[in-house]
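Enquirer: Submitted below is the structure of interest, expressed as structure tokens.
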Amino acid sequence: MAMLKIKDLVYEAAGQRPSRILDGLSFTVESGEVHALLGANGTGKSTLAYLIMGCGGYRPSSGDIVFEGNALGSRPIHERARMGITMAWQEPVRFEGITVNDYLTFRNKDADTAELLALVGLNPSLYGHRMVDRALSGGERKRIELVSILVLRPKLAILDEPDSGIDMLSTQDIINVIGAFKRNGSAVLLITHREEIAMIADRSSQLCGGRIICSGDPAKVAEHYKARHCMICSDRECHYV
Amino acid sequence: MSELDELTACFGNAGGDVAALGDAEFAHLAASGHRILSSRTVEGLVVDARETRDGISAHVTVKAGVKLKNPVHMCFGVLHKEGTQRIEMDIRLEKGSSAHVIAHCIFPKAEKVRHIMDATVAIGEGAEMRYSETHFHGPLGGVEVVPKAVVAVGRGGRYFTDFTLTTGRVGKLDLDYTVEAAENAVTELVARVFGHGRDAIHIRDKVLLAGKNARGLIKSRVAIEDDATAEVTGITEGNAQGARGHVDCMEIVKDRAVARAIPIVQVNDPGAKVTHEAAIGSVDKRQMETLMAHGLLPEEAVDIIVKGMLR
């Protein structure tokens, strides 16, 4: 049985055009797999992440999101988190007065934060006592967010564009983190618009026009994505991309 | 137990460094109500403190070029349920000197207590003063705290102040600081207050950037809940070439509490620049969602965010 099963998911945003962001989307994430979700900007990748996590204001218009056999329905975020789902936002928020070490150990006091910070290329002695505030660069904050959910050892980690804001030389750090999730037995839903990042996944799906239009081997999905080949748009260059 | 022992015990319970009060390397001044209970000075620091009808009057001078190695502890309080303590303070840091003054203001049983401070501070050329004032109030809210300070920071001088009232009930707070910064002077005024019940908080910080390249920051962090009210006014004037100022006010509001922020920025020289930002409202939704996605309950998330902001 799939760990996460999404069936016929529709999401319509009031006051937006087009209003239908997700249009009957179906796909699954298996336990322990890294599943990349590829799609161009504005195709609804982050919206899907918010719907799975249950972020405020995002509720499916129709369709089901089922995690380990339980419909998520209107469960609040913390309940979903305690079921084993967590998420790293594309642009993580800042916190005043909270040190990196505190931030990493709210839910796991015994976590070896030094080892984990080193994993993302941050020197623990330089970063552990810094605040998770505006003094951090976007890339630093992003790495800390990835570590903060790694320590939770979730069943499913949703990583929304983990590579954005990270310099090319540090992309390997992000790949290392994804590998660490996998070693911990966590499944990863890896949201990205870069096919080279999606290549590290076990499986990949392409999102376009509010649906999954192609799913399977990451190399083949990447080829499909690069060609902008879209079934919804009648085999021609995709209107949505 | 003597009054000094009681004040010292309260000071320790409130997180103060009790050992520093007994250490000859540390200067201190301790007063309960209008009685001076203990004082000590160190080389280069002159303290002339006297008891007055309803408080104390103190002249404090750090001699030119003297950089005090250890903080100067000031421990003030009213240990009874009722009373008034008026502190008149005149602090002078002579040219090139530096000092860190830590003031602890303790009102553990206050039901009807007034604590009034009138301070004048003069920071000499190239001198630096850090002034940290932390209040420890009891749970009854019967305190009226009225700290006023007028500070002149000389050329190249630095003045940093940090006012914290996050333990116990605030009662009524009416804080009023004015700082004038001369050429190349730097000043930073920070206030952190947590109000509950029917606490009433008024903060008015004013920075006059009078000299060329003077720098100023006013930062206020206020959280209020229940029926508390807060009004925070941050005023910065840029009056000289190269002056730079910023007013940063954040207030978190819960329950029926009411908050107001009034940033006033004025530039009287085209070469000056003053900016401001103010955020008032409930706890930030994205911060809440992030912590809840880590598995924290909503009330745990609020607690962490508020405590962090006031830290």
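Chain labels follow the order of the structure tokens: the first chain is A, the next B, and so on; residue numbering restarts at 1 in every chain, and ligands are counted from 1 in their shown order.
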Give me, as a PyMOL selection string, all polymer residues having an atom no more than 8 Å from segment 182-195 of chain B, counting only C-alpha atoms and skipping those fewer than 2 positions away in the same chain.
Expert: chain B and resi 152-167+169-170+179-180+197-201+205+209-225+228-229+310-311
Enquirer: Could those residues be written to a file, using C-alpha atoms, as an mmCIF file, in the first residue's frame?
Expert:
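Wrote out.cif, looks like this:
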data_model
loop_
_atom_site.group_PDB
_atom_site.id
_atom_site.type_symbol
_atom_site.label_atom_id
_atom_site.label_comp_id
_atom_site.auth_asym_id
_atom_site.auth_seq_id
_atom_site.Cartn_x
_atom_site.Cartn_y
_atom_site.Cartn_z
ATOM 1 C CA ALA B 152 23.703 63.148 25.337
ATOM 2 C CA VAL B 153 26.202 61.075 23.388
ATOM 3 C CA GLY B 154 29.338 62.956 22.497
ATOM 4 C CA ARG B 155 31.395 62.779 19.332
ATOM 5 C CA GLY B 156 32.262 59.172 18.471
ATOM 6 C CA GLY B 157 30.524 57.974 21.630
ATOM 7 C CA ARG B 158 28.339 54.914 21.900
ATOM 8 C CA TYR B 159 25.267 54.377 24.047
ATOM 9 C CA PHE B 160 23.257 51.164 24.151
ATOM 10 C CA THR B 161 20.297 50.585 26.402
ATOM 11 C CA ASP B 162 18.154 47.523 26.872
ATOM 12 C CA PHE B 163 14.980 47.679 28.974
ATOM 13 C CA THR B 164 13.351 44.354 29.848
ATOM 14 C CA LEU B 165 10.109 43.810 31.731
ATOM 15 C CA THR B 166 8.913 40.319 30.925
ATOM 16 C CA THR B 167 8.610 38.754 34.383
ATOM 17 C CA ARG B 169 2.775 41.811 35.786
ATOM 18 C CA VAL B 170 3.892 45.105 34.276
ATOM 19 C CA VAL B 179 18.962 60.496 23.203
ATOM 20 C CA GLU B 180 20.883 63.103 21.255
ATOM 21 C CA GLY B 197 -4.187 41.429 32.793
ATOM 22 C CA ARG B 198 -4.963 45.121 32.649
ATOM 23 C CA ASP B 199 -1.353 46.251 32.301
ATOM 24 C CA ALA B 200 -0.892 49.575 30.552
ATOM 25 C CA ILE B 201 2.319 50.109 28.609
ATOM 26 C CA ASP B 205 11.831 56.576 22.614
ATOM 27 C CA LEU B 209 20.730 62.368 15.156
ATOM 28 C CA ALA B 210 22.303 65.757 15.580
ATOM 29 C CA GLY B 211 25.828 65.162 14.339
ATOM 30 C CA LYS B 212 27.306 64.184 11.024
ATOM 31 C CA ASN B 213 27.209 60.404 10.419
ATOM 32 C CA ALA B 214 25.393 59.733 13.689
ATOM 33 C CA ARG B 215 23.613 56.377 13.860
ATOM 34 C CA GLY B 216 20.504 55.426 15.791
ATOM 35 C CA LEU B 217 18.248 52.410 16.230
ATOM 36 C CA ILE B 218 15.037 52.179 18.225
ATOM 37 C CA LYS B 219 13.800 48.634 18.634
ATOM 38 C CA SER B 220 10.664 47.697 20.557
ATOM 39 C CA ARG B 221 9.314 44.231 21.172
ATOM 40 C CA VAL B 222 6.019 44.075 23.024
ATOM 41 C CA ALA B 223 3.652 41.179 23.625
ATOM 42 C CA ILE B 224 0.308 41.763 25.316
ATOM 43 C CA GLU B 225 -2.555 39.512 26.292
ATOM 44 C CA ALA B 228 -3.545 44.832 28.405
ATOM 45 C CA THR B 229 -2.828 47.889 26.296
ATOM 46 C CA LEU B 310 11.130 39.122 23.881
ATOM 47 C CA ARG B 311 14.518 37.488 24.308
#
Enquirer: Could you give me, as a list of chain:residue names, the residues within 8 Å of segment 98-111 of chain A, counting only C-alpha atoms and dropping anything in the same chain fewer than 4 positions from it?
Expert: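 After dropping sequence-adjacent residues, the list is A:Tyr127, A:Gly128, A:His129, A:Arg130, A:Met131, A:Val132, A:Asp133, A:Ile144, A:Val147, A:Ser148, A:Val151, A:Leu152, B:His294, B:Gly295, B:Leu296, B:Gly308.
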Enquirer: Can you list, as a PyMOL selection string, every protein, DNA or RNA residue that comes within 9 Å of Ile175 of chain A when you count only C-alpha atoms, leaving out same-chain residues fewer than 6 positions away?
Expert: chain A and resi 163+197+200
Enquirer: Identify all chain B residues at most 9 Å from chain A by counting only C-alpha atoms; ligands do not count. Present them as a PyMOL selection string.
Expert: chain B and resi 285-287+289-298+304-305+307-311
Enquirer: Hey, can you spit out that residue selection with N, CA and C atoms as a PDB file, in the first residue's frame?
Expert:
ATOM      1  N   LYS B 285       1.456  33.915  11.016  1.00  0.00           N
ATOM      2  CA  LYS B 285       0.871  32.639  10.588  1.00  0.00           C
ATOM      3  C   LYS B 285       1.935  31.676  10.050  1.00  0.00           C
ATOM      4  N   ARG B 286       2.851  32.201   9.281  1.00  0.00           N
ATOM      5  CA  ARG B 286       3.889  31.330   8.696  1.00  0.00           C
ATOM      6  C   ARG B 286       4.798  30.760   9.780  1.00  0.00           C
ATOM      7  N   GLN B 287       5.094  31.576  10.780  1.00  0.00           N
ATOM      8  CA  GLN B 287       5.912  31.060  11.891  1.00  0.00           C
ATOM      9  C   GLN B 287       5.167  29.939  12.615  1.00  0.00           C
ATOM     10  N   GLU B 289       2.796  27.996  11.413  1.00  0.00           N
ATOM     11  CA  GLU B 289       2.692  26.800  10.561  1.00  0.00           C
ATOM     12  C   GLU B 289       4.015  26.040  10.521  1.00  0.00           C
ATOM     13  N   THR B 290       5.107  26.779  10.490  1.00  0.00           N
ATOM     14  CA  THR B 290       6.417  26.130  10.451  1.00  0.00           C
ATOM     15  C   THR B 290       6.639  25.303  11.718  1.00  0.00           C
ATOM     16  N   LEU B 291       6.357  25.893  12.863  1.00  0.00           N
ATOM     17  CA  LEU B 291       6.575  25.159  14.116  1.00  0.00           C
ATOM     18  C   LEU B 291       5.584  24.009  14.263  1.00  0.00           C
ATOM     19  N   MET B 292       4.354  24.219  13.805  1.00  0.00           N
ATOM     20  CA  MET B 292       3.360  23.138  13.874  1.00  0.00           C
ATOM     21  C   MET B 292       3.743  21.992  12.930  1.00  0.00           C
ATOM     22  N   ALA B 293       4.371  22.330  11.818  1.00  0.00           N
ATOM     23  CA  ALA B 293       4.839  21.281  10.908  1.00  0.00           C
ATOM     24  C   ALA B 293       5.986  20.486  11.531  1.00  0.00           C
ATOM     25  N   HIS B 294       6.579  21.058  12.589  1.00  0.00           N
ATOM     26  CA  HIS B 294       7.594  20.325  13.349  1.00  0.00           C
ATOM     27  C   HIS B 294       6.936  19.485  14.452  1.00  0.00           C
ATOM     28  N   GLY B 295       5.613  19.549  14.533  1.00  0.00           N
ATOM     29  CA  GLY B 295       4.902  18.733  15.512  1.00  0.00           C
ATOM     30  C   GLY B 295       4.546  19.452  16.791  1.00  0.00           C
ATOM     31  N   LEU B 296       4.798  20.753  16.872  1.00  0.00           N
ATOM     32  CA  LEU B 296       4.455  21.489  18.088  1.00  0.00           C
ATOM     33  C   LEU B 296       2.969  21.825  18.092  1.00  0.00           C
ATOM     34  N   LEU B 297       2.374  21.795  19.278  1.00  0.00           N
ATOM     35  CA  LEU B 297       0.977  22.193  19.411  1.00  0.00           C
ATOM     36  C   LEU B 297       0.869  23.697  19.177  1.00  0.00           C
ATOM     37  N   PRO B 298      -0.307  24.180  18.760  1.00  0.00           N
ATOM     38  CA  PRO B 298      -0.437  25.626  18.511  1.00  0.00           C
ATOM     39  C   PRO B 298      -0.024  26.471  19.720  1.00  0.00           C
ATOM     40  N   ILE B 304       6.707  29.773  22.107  1.00  0.00           N
ATOM     41  CA  ILE B 304       8.085  29.869  21.605  1.00  0.00           C
ATOM     42  C   ILE B 304       8.296  31.168  20.830  1.00  0.00           C
ATOM     43  N   ILE B 305       7.324  31.527  20.011  1.00  0.00           N
ATOM     44  CA  ILE B 305       7.466  32.740  19.193  1.00  0.00           C
ATOM     45  C   ILE B 305       7.509  33.991  20.072  1.00  0.00           C
ATOM     46  N   LYS B 307       8.233  34.205  23.357  1.00  0.00           N
ATOM     47  CA  LYS B 307       9.452  34.231  24.181  1.00  0.00           C
ATOM     48  C   LYS B 307      10.673  34.605  23.351  1.00  0.00           C
ATOM     49  N   GLY B 308      10.716  34.098  22.122  1.00  0.00           N
ATOM     50  CA  GLY B 308      11.835  34.438  21.240  1.00  0.00           C
ATOM     51  C   GLY B 308      11.875  35.920  20.938  1.00  0.00           C
ATOM     52  N   MET B 309      10.702  36.480  20.648  1.00  0.00           N
ATOM     53  CA  MET B 309      10.651  37.910  20.312  1.00  0.00           C
ATOM     54  C   MET B 309      11.099  38.772  21.485  1.00  0.00           C
ATOM     55  N   LEU B 310      10.803  38.314  22.696  1.00  0.00           N
ATOM     56  CA  LEU B 310      11.130  39.122  23.881  1.00  0.00           C
ATOM     57  C   LEU B 310      12.520  38.823  24.429  1.00  0.00           C
ATOM     58  N   ARG B 311      13.210  37.905  23.798  1.00  0.00           N
ATOM     59  CA  ARG B 311      14.518  37.488  24.308  1.00  0.00           C
ATOM     60  C   ARG B 311      15.576  38.557  24.095  1.00  0.00           C
TER      61      ARG B 311
END
Enquirer: Which parts of segment 22-57 of chain A does DSSP call alpha helix (DSSP H) when run on the backbone here, written out as a ChimeraX atom specification?
Expert: /A:45-53
Enquirer: Segment 74-221 of chain A: which residues are strand (DSSP E) by DSSP, as number ranges by chain?
Expert: A: 85-88, 156-160, 187-192, 203-208, 211-216
Enquirer: Just how far from atom CA of Val232 of chain B is atom CA of Ala58 of chain B, in Å to one decimal?
Expert: 29.0 Å
Enquirer: Which residues come within 12 Å of Ile116 of chain B, counting only C-alpha atoms, excluding same-chain residues fewer than 5 positions away, as JSON, numbers by chain?
Expert: {"B": [33, 34, 54, 55, 56, 57, 76, 77, 78, 83, 84, 85, 86, 87, 88, 89, 105, 143, 144, 145, 146, 147, 148, 149, 172, 173, 174, 175, 176]}
Enquirer: In Å to one decimal, how far is atom CA of Leu9 of chain A from atom CA of Lys142 of chain A?
Expert: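 Between these atoms lies a distance of 28.9 Å.
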Enquirer: I'd like the neighbourhood of segment 181-190 of chain A as a ChimeraX atom specification, where a residue qualifies if any of its atoms comes within 9 Å (using only C-alpha atoms), though same-chain residues fewer than 2 positions away should be ignored.
Expert: /A:3,29-38,49,150,153-162,176-179,192,197-198,201,204
